[in-house]
Structures are given as C-alpha cells and as structure tokens.
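So this one's model22.cif, mmCIF, C-alpha atoms; chains and numbers go by the auth columns:
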```cif
data_query
#
loop_
_atom_site.group_PDB
_atom_site.id
_atom_site.type_symbol
_atom_site.label_atom_id
_atom_site.label_comp_id
_atom_site.label_asym_id
_atom_site.label_seq_id
_atom_site.Cartn_x
_atom_site.Cartn_y
_atom_site.Cartn_z
_atom_site.B_iso_or_equiv
_atom_site.auth_seq_id
_atom_site.auth_asym_id
ATOM 1 C CA MET A 1 25.137 73.902 44.625 0.00 268 A
ATOM 2 C CA ILE A 2 25.331 76.950 46.877 0.00 269 A
ATOM 3 C CA ARG A 3 21.826 76.234 48.180 0.00 270 A
ATOM 4 C CA HIS A 4 22.928 72.739 49.169 0.00 271 A
ATOM 5 C CA LEU A 5 25.936 74.104 51.010 0.00 272 A
ATOM 6 C CA ILE A 6 23.814 76.671 52.809 0.00 273 A
ATOM 7 C CA SER A 7 21.329 73.950 53.788 0.00 274 A
ATOM 8 C CA ALA A 8 24.050 71.758 55.195 0.00 275 A
ATOM 9 C CA LEU A 9 25.587 74.638 57.113 0.00 276 A
ATOM 10 C CA CYS A 10 22.230 75.699 58.531 0.00 277 A
ATOM 11 C CA LEU A 11 21.535 72.175 59.713 0.00 278 A
ATOM 12 C CA VAL A 12 24.784 71.976 61.664 0.00 279 A
ATOM 13 C CA ALA A 13 25.411 75.644 62.547 0.00 280 A
ATOM 14 C CA ALA A 14 23.935 75.546 66.038 0.00 281 A
ATOM 15 C CA ALA A 15 25.507 72.225 66.930 0.00 282 A
ATOM 16 C CA ASN A 16 27.860 71.644 69.804 0.00 283 A
ATOM 17 C CA ALA A 17 29.719 68.682 71.262 0.00 284 A
ATOM 18 C CA ASN A 18 26.512 67.403 72.869 0.00 285 A
ATOM 19 C CA ALA A 19 24.459 67.677 69.692 0.00 286 A
ATOM 20 C CA TYR A 20 21.819 65.134 68.738 0.00 287 A
ATOM 21 C CA SER A 21 23.802 62.395 67.002 0.00 288 A
ATOM 22 C CA GLY A 22 22.950 59.773 64.441 0.00 289 A
ATOM 23 C CA ASN A 23 22.978 57.247 67.291 0.00 290 A
ATOM 24 C CA ASP A 24 20.422 59.348 69.177 0.00 291 A
ATOM 25 C CA LEU A 25 18.222 59.623 66.108 0.00 292 A
ATOM 26 C CA LEU A 26 18.372 55.897 65.370 0.00 293 A
ATOM 27 C CA ASN A 27 17.577 55.090 69.003 0.00 294 A
ATOM 28 C CA ASP A 28 14.535 57.355 68.828 0.00 295 A
ATOM 29 C CA LEU A 29 13.363 55.918 65.495 0.00 296 A
ATOM 30 C CA THR A 30 13.572 52.338 66.769 0.00 297 A
ATOM 31 C CA SER A 31 12.431 52.811 70.364 0.00 298 A
ATOM 32 C CA THR A 32 9.068 51.052 70.009 0.00 299 A
ATOM 33 C CA LYS A 33 10.511 48.288 67.847 0.00 300 A
ATOM 34 C CA ARG A 34 13.257 47.585 70.386 0.00 301 A
ATOM 35 C CA ASN A 35 11.349 48.109 73.641 0.00 302 A
ATOM 36 C CA GLY A 36 7.675 47.585 72.870 0.00 303 A
ATOM 37 C CA LEU A 37 4.754 49.924 72.482 0.00 304 A
ATOM 38 C CA THR A 38 4.479 52.276 75.435 0.00 305 A
ATOM 39 C CA PRO A 39 3.601 55.974 75.485 0.00 306 A
ATOM 40 C CA GLY A 40 7.242 56.847 76.176 0.00 307 A
ATOM 41 C CA ASN A 41 8.586 54.735 73.342 0.00 308 A
ATOM 42 C CA ALA A 42 5.953 56.060 70.951 0.00 309 A
ATOM 43 C CA LEU A 43 7.036 59.574 71.951 0.00 310 A
ATOM 44 C CA HIS A 44 10.648 58.740 71.083 0.00 311 A
ATOM 45 C CA ASP A 45 9.546 57.380 67.704 0.00 312 A
ATOM 46 C CA GLY A 46 7.668 60.634 67.101 0.00 313 A
ATOM 47 C CA VAL A 47 10.660 62.739 68.087 0.00 314 A
ATOM 48 C CA GLY A 48 12.793 60.920 65.517 0.00 315 A
ATOM 49 C CA MET A 49 10.176 61.263 62.794 0.00 316 A
ATOM 50 C CA GLY A 50 9.614 64.928 63.630 0.00 317 A
ATOM 51 C CA TYR A 51 13.334 65.642 63.517 0.00 318 A
ATOM 52 C CA ILE A 52 13.613 64.107 60.062 0.00 319 A
ATOM 53 C CA MET A 53 10.536 65.852 58.723 0.00 320 A
ATOM 54 C CA GLY A 54 11.724 69.230 60.013 0.00 321 A
ATOM 55 C CA ALA A 55 15.065 68.798 58.294 0.00 322 A
ATOM 56 C CA SER A 56 13.285 67.495 55.201 0.00 323 A
ATOM 57 C CA ASP A 57 11.114 70.611 54.989 0.00 324 A
ATOM 58 C CA MET A 58 14.194 72.796 55.049 0.00 325 A
ATOM 59 C CA LEU A 59 15.908 70.699 52.389 0.00 326 A
ATOM 60 C CA ILE A 60 12.851 70.921 50.138 0.00 327 A
ATOM 61 C CA GLN A 61 12.840 74.713 50.411 0.00 328 A
ATOM 62 C CA SER A 62 16.510 74.903 49.462 0.00 329 A
ATOM 63 C CA GLU A 63 15.930 72.467 46.590 0.00 330 A
ATOM 64 C CA ALA A 64 18.528 70.082 48.006 0.00 331 A
ATOM 65 C CA VAL A 65 16.061 67.176 47.747 0.00 332 A
ATOM 66 C CA CYS A 66 13.282 66.387 45.302 0.00 333 A
ATOM 67 C CA TYR A 67 10.738 63.774 46.310 0.00 334 A
ATOM 68 C CA PRO A 68 8.590 61.737 43.964 0.00 335 A
ATOM 69 C CA LYS A 69 4.920 62.658 43.863 0.00 336 A
ATOM 70 C CA ASN A 70 2.819 61.141 46.658 0.00 337 A
ATOM 71 C CA ILE A 71 5.781 60.120 48.829 0.00 338 A
ATOM 72 C CA LYS A 72 4.794 59.368 52.427 0.00 339 A
ATOM 73 C CA ASN A 73 6.573 60.687 55.512 0.00 340 A
ATOM 74 C CA GLY A 74 7.262 57.100 56.534 0.00 341 A
ATOM 75 C CA GLN A 75 9.184 56.510 53.306 0.00 342 A
ATOM 76 C CA ILE A 76 11.360 59.541 53.974 0.00 343 A
ATOM 77 C CA SER A 77 11.992 58.425 57.546 0.00 344 A
ATOM 78 C CA SER A 78 12.734 54.875 56.389 0.00 345 A
ATOM 79 C CA ALA A 79 15.368 56.154 53.946 0.00 346 A
ATOM 80 C CA VAL A 80 17.152 57.932 56.793 0.00 347 A
ATOM 81 C CA GLN A 81 16.837 54.947 59.130 0.00 348 A
ATOM 82 C CA LYS A 82 18.226 52.618 56.456 0.00 349 A
ATOM 83 C CA TYR A 83 21.160 54.977 55.916 0.00 350 A
ATOM 84 C CA LEU A 84 21.889 55.090 59.651 0.00 351 A
ATOM 85 C CA GLU A 85 21.657 51.316 60.012 0.00 352 A
ATOM 86 C CA GLY A 86 23.914 50.794 56.992 0.00 353 A
ATOM 87 C CA ASN A 87 26.585 53.224 58.165 0.00 354 A
ATOM 88 C CA PRO A 88 27.258 52.536 61.861 0.00 355 A
ATOM 89 C CA GLU A 89 30.731 54.074 61.612 0.00 356 A
ATOM 90 C CA LYS A 90 29.173 57.468 60.818 0.00 357 A
ATOM 91 C CA ARG A 91 26.478 57.532 63.506 0.00 358 A
ATOM 92 C CA ASP A 92 28.551 59.548 65.988 0.00 359 A
ATOM 93 C CA ALA A 93 28.216 62.508 63.630 0.00 360 A
ATOM 94 C CA GLN A 94 25.489 65.085 64.076 0.00 361 A
ATOM 95 C CA ALA A 95 22.065 63.813 63.107 0.00 362 A
ATOM 96 C CA ALA A 96 21.380 66.909 61.004 0.00 363 A
ATOM 97 C CA LEU A 97 24.333 66.196 58.747 0.00 364 A
ATOM 98 C CA LEU A 98 23.429 62.520 58.442 0.00 365 A
ATOM 99 C CA VAL A 99 19.818 63.342 57.543 0.00 366 A
ATOM 100 C CA TYR A 100 21.109 65.745 54.897 0.00 367 A
ATOM 101 C CA ILE A 101 23.393 63.072 53.413 0.00 368 A
ATOM 102 C CA ALA A 102 20.761 60.334 53.512 0.00 369 A
ATOM 103 C CA LEU A 103 18.075 62.439 51.863 0.00 370 A
ATOM 104 C CA THR A 104 20.256 64.056 49.207 0.00 371 A
ATOM 105 C CA VAL A 105 21.651 60.651 48.221 0.00 372 A
ATOM 106 C CA ASN A 106 18.225 58.998 48.099 0.00 373 A
ATOM 107 C CA PHE A 107 16.230 61.899 46.642 0.00 374 A
ATOM 108 C CA PRO A 108 18.547 64.045 44.502 0.00 375 A
ATOM 109 C CA CYS A 109 17.108 66.775 42.317 0.00 376 A
ATOM 110 C CA LYS A 110 17.615 66.427 38.583 0.00 377 A
ATOM 111 C CA LYS A 111 19.986 69.022 37.215 0.00 378 A
#
```
Now, as a test, write the supplied structure out as structure tokens.
Amino acid sequence: MIRHLISALCLVAAANANAYSGNDLLNDLTSTKRNGLTPGNALHDGVGMGYIMGASDMLIQSEAVCYPKNIKNGQISSAVQKYLEGNPEKRDAQAALLVYIALTVNFPCKK
C-alpha cells in the first residue's frame, strides 16, 4: 500500500496549475485519428504513448500494477485512453494521476 501511495505522489509531485491534464493526454493519443496522419499528428500520438509508458514503467517498479505476460504497449495505452474517454468529468485532473488510476484499476496486483 505504501508503495502505491509513493508512486501516486511521485507522479504528481512536480505538477503545477499548468500541468499536463487528462484532456491534453487524450488529445495527444487521438491526434492522428481526429486530424489525419501527418508527421505532427503522429508526433502527438507518440508523446501520449510515451507519457503513458513512462508512468507505466514507474508503476511496475513500485509494484502498483501487474501486467499479464506478453501484454503490448498498445494495450496499456488503450486501457488509459478508454478510461479517459469514459470519465470526461475527471479529465481536467493531472494526467499522471489519471494514468495511475486507469492502470491500477485495470491491472491490479494480486495480494
């Protein structure tokens, strides 16, 4: 439990009022889908995926999430995107916190 709390605090510790929000993350993740395939939109998609995978790596190390064997990065990203799309009222919150919630809900470790 303490590891989970530390993970969550680390993810949001450096945040400020202009922090990367869930809306920002969702916009990045869906840039190509919404606006077509261009180098700029593909870059935004990559920024969103990279953000999620960076947070995911930290959550794995703290044992806050446990993925099934052979999971793909796209499946992890899709879980976060689905959470963001299904919870529009929460998307103003910091993306780091929302990634933490989405991944710990979808990929909890067995106790």
Next on the checklist: Selection in question (the file shown): the PyMOL selection byres ((chain A and resi 292) around 12). Which residues does it include, as number ranges by chain?
Outcome noted: A: 286-291, 293-298, 311-319, 344, 347-352, 358-366
Just write the chosen residues, C-alpha atoms, as a short mmCIF file (atom, residue, chain, number, x, y, z; two decimals), in the coordinates of the input.
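After the write, out_28.cif holds the following:
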```
data_model
loop_
_atom_site.label_atom_id
_atom_site.label_comp_id
_atom_site.auth_asym_id
_atom_site.auth_seq_id
_atom_site.Cartn_x
_atom_site.Cartn_y
_atom_site.Cartn_z
CA ALA A 286 24.46 67.68 69.69
CA TYR A 287 21.82 65.13 68.74
CA SER A 288 23.80 62.40 67.00
CA GLY A 289 22.95 59.77 64.44
CA ASN A 290 22.98 57.25 67.29
CA ASP A 291 20.42 59.35 69.18
CA LEU A 293 18.37 55.90 65.37
CA ASN A 294 17.58 55.09 69.00
CA ASP A 295 14.54 57.36 68.83
CA LEU A 296 13.36 55.92 65.50
CA THR A 297 13.57 52.34 66.77
CA SER A 298 12.43 52.81 70.36
CA HIS A 311 10.65 58.74 71.08
CA ASP A 312 9.55 57.38 67.70
CA GLY A 313 7.67 60.63 67.10
CA VAL A 314 10.66 62.74 68.09
CA GLY A 315 12.79 60.92 65.52
CA MET A 316 10.18 61.26 62.79
CA GLY A 317 9.61 64.93 63.63
CA TYR A 318 13.33 65.64 63.52
CA ILE A 319 13.61 64.11 60.06
CA SER A 344 11.99 58.42 57.55
CA VAL A 347 17.15 57.93 56.79
CA GLN A 348 16.84 54.95 59.13
CA LYS A 349 18.23 52.62 56.46
CA TYR A 350 21.16 54.98 55.92
CA LEU A 351 21.89 55.09 59.65
CA GLU A 352 21.66 51.32 60.01
CA ARG A 358 26.48 57.53 63.51
CA ASP A 359 28.55 59.55 65.99
CA ALA A 360 28.22 62.51 63.63
CA GLN A 361 25.49 65.08 64.08
CA ALA A 362 22.06 63.81 63.11
CA ALA A 363 21.38 66.91 61.00
CA LEU A 364 24.33 66.20 58.75
CA LEU A 365 23.43 62.52 58.44
CA VAL A 366 19.82 63.34 57.54
#
```
Checklist entry - In Å to one decimal, how far is atom CA of A:Cys333 from atom CA of A:Phe374? => result 5.5 Å
Item to check | Separation of atom CA of A:Gly341 from atom CA of A:Tyr367 in Å | outcome: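 Taking atom CA of A:Tyr367 as the start and atom CA of A:Gly341 as the end point, the length is 16.4 Å.
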Next on the checklist: Using Å and a single decimal, report how far atom CA of A:Asn308 sits from atom CA of A:Leu370.
Outcome noted: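 The value is 24.7 Å.
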Checklist entry - When the PyMOL selection byres ((chain A and resi 378) around 12) is applied to the file above, which residues end up in the set, as a list in words? => result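 Checked against the file, the PyMOL selection byres ((chain A and resi 378) around 12) matches Met268, Glu330, Ala331, Val332, Cys333, Pro375, Cys376 and Lys377 of chain A.
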Please put the answer as AutoDock Vina command-line options: centre and edge lengths, in Å with one decimal, of a box along x, y and z that encloses all listed atoms of stretch 311-318 of chain A plus 4 Å on each side.
```
--center_x 10.5 --center_y 61.5 --center_z 66.9 --size_x 13.7 --size_y 16.3 --size_z 16.3
```
Please complete stretch 353-365 of chain A with N, CA and C atoms and give it back as a short mmCIF file (atom, residue, chain, number, x, y, z; two decimals), in the frame of the given file.
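Wrote it out as rebuild-v1.cif, contents follow:
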```cif
data_model
loop_
_atom_site.label_atom_id
_atom_site.label_comp_id
_atom_site.auth_asym_id
_atom_site.auth_seq_id
_atom_site.Cartn_x
_atom_site.Cartn_y
_atom_site.Cartn_z
N GLY A 353 22.89 51.27 57.91
CA GLY A 353 23.91 50.79 56.99
C GLY A 353 25.27 51.46 57.15
N ASN A 354 25.34 52.48 57.98
CA ASN A 354 26.58 53.22 58.16
C ASN A 354 26.89 53.45 59.64
N PRO A 355 27.05 52.37 60.41
CA PRO A 355 27.26 52.54 61.86
C PRO A 355 28.51 53.34 62.21
N GLU A 356 29.50 53.34 61.34
CA GLU A 356 30.73 54.07 61.61
C GLU A 356 30.53 55.59 61.53
N LYS A 357 29.44 56.03 60.96
CA LYS A 357 29.17 57.47 60.82
C LYS A 357 28.18 58.00 61.84
N ARG A 358 27.58 57.12 62.63
CA ARG A 358 26.48 57.53 63.51
C ARG A 358 26.86 58.43 64.67
N ASP A 359 28.14 58.60 64.94
CA ASP A 359 28.55 59.55 65.99
C ASP A 359 28.46 60.99 65.50
N ALA A 360 28.34 61.16 64.20
CA ALA A 360 28.22 62.51 63.63
C ALA A 360 26.86 63.10 63.99
N GLN A 361 26.73 64.39 63.77
CA GLN A 361 25.49 65.08 64.08
C GLN A 361 24.36 64.55 63.20
N ALA A 362 23.22 64.35 63.82
CA ALA A 362 22.06 63.81 63.11
C ALA A 362 21.68 64.70 61.93
N ALA A 363 21.77 66.00 62.09
CA ALA A 363 21.38 66.91 61.00
C ALA A 363 22.19 66.66 59.74
N LEU A 364 23.48 66.47 59.90
CA LEU A 364 24.33 66.20 58.75
C LEU A 364 24.00 64.85 58.13
N LEU A 365 23.75 63.85 58.95
CA LEU A 365 23.43 62.52 58.44
C LEU A 365 22.08 62.49 57.73
#
```
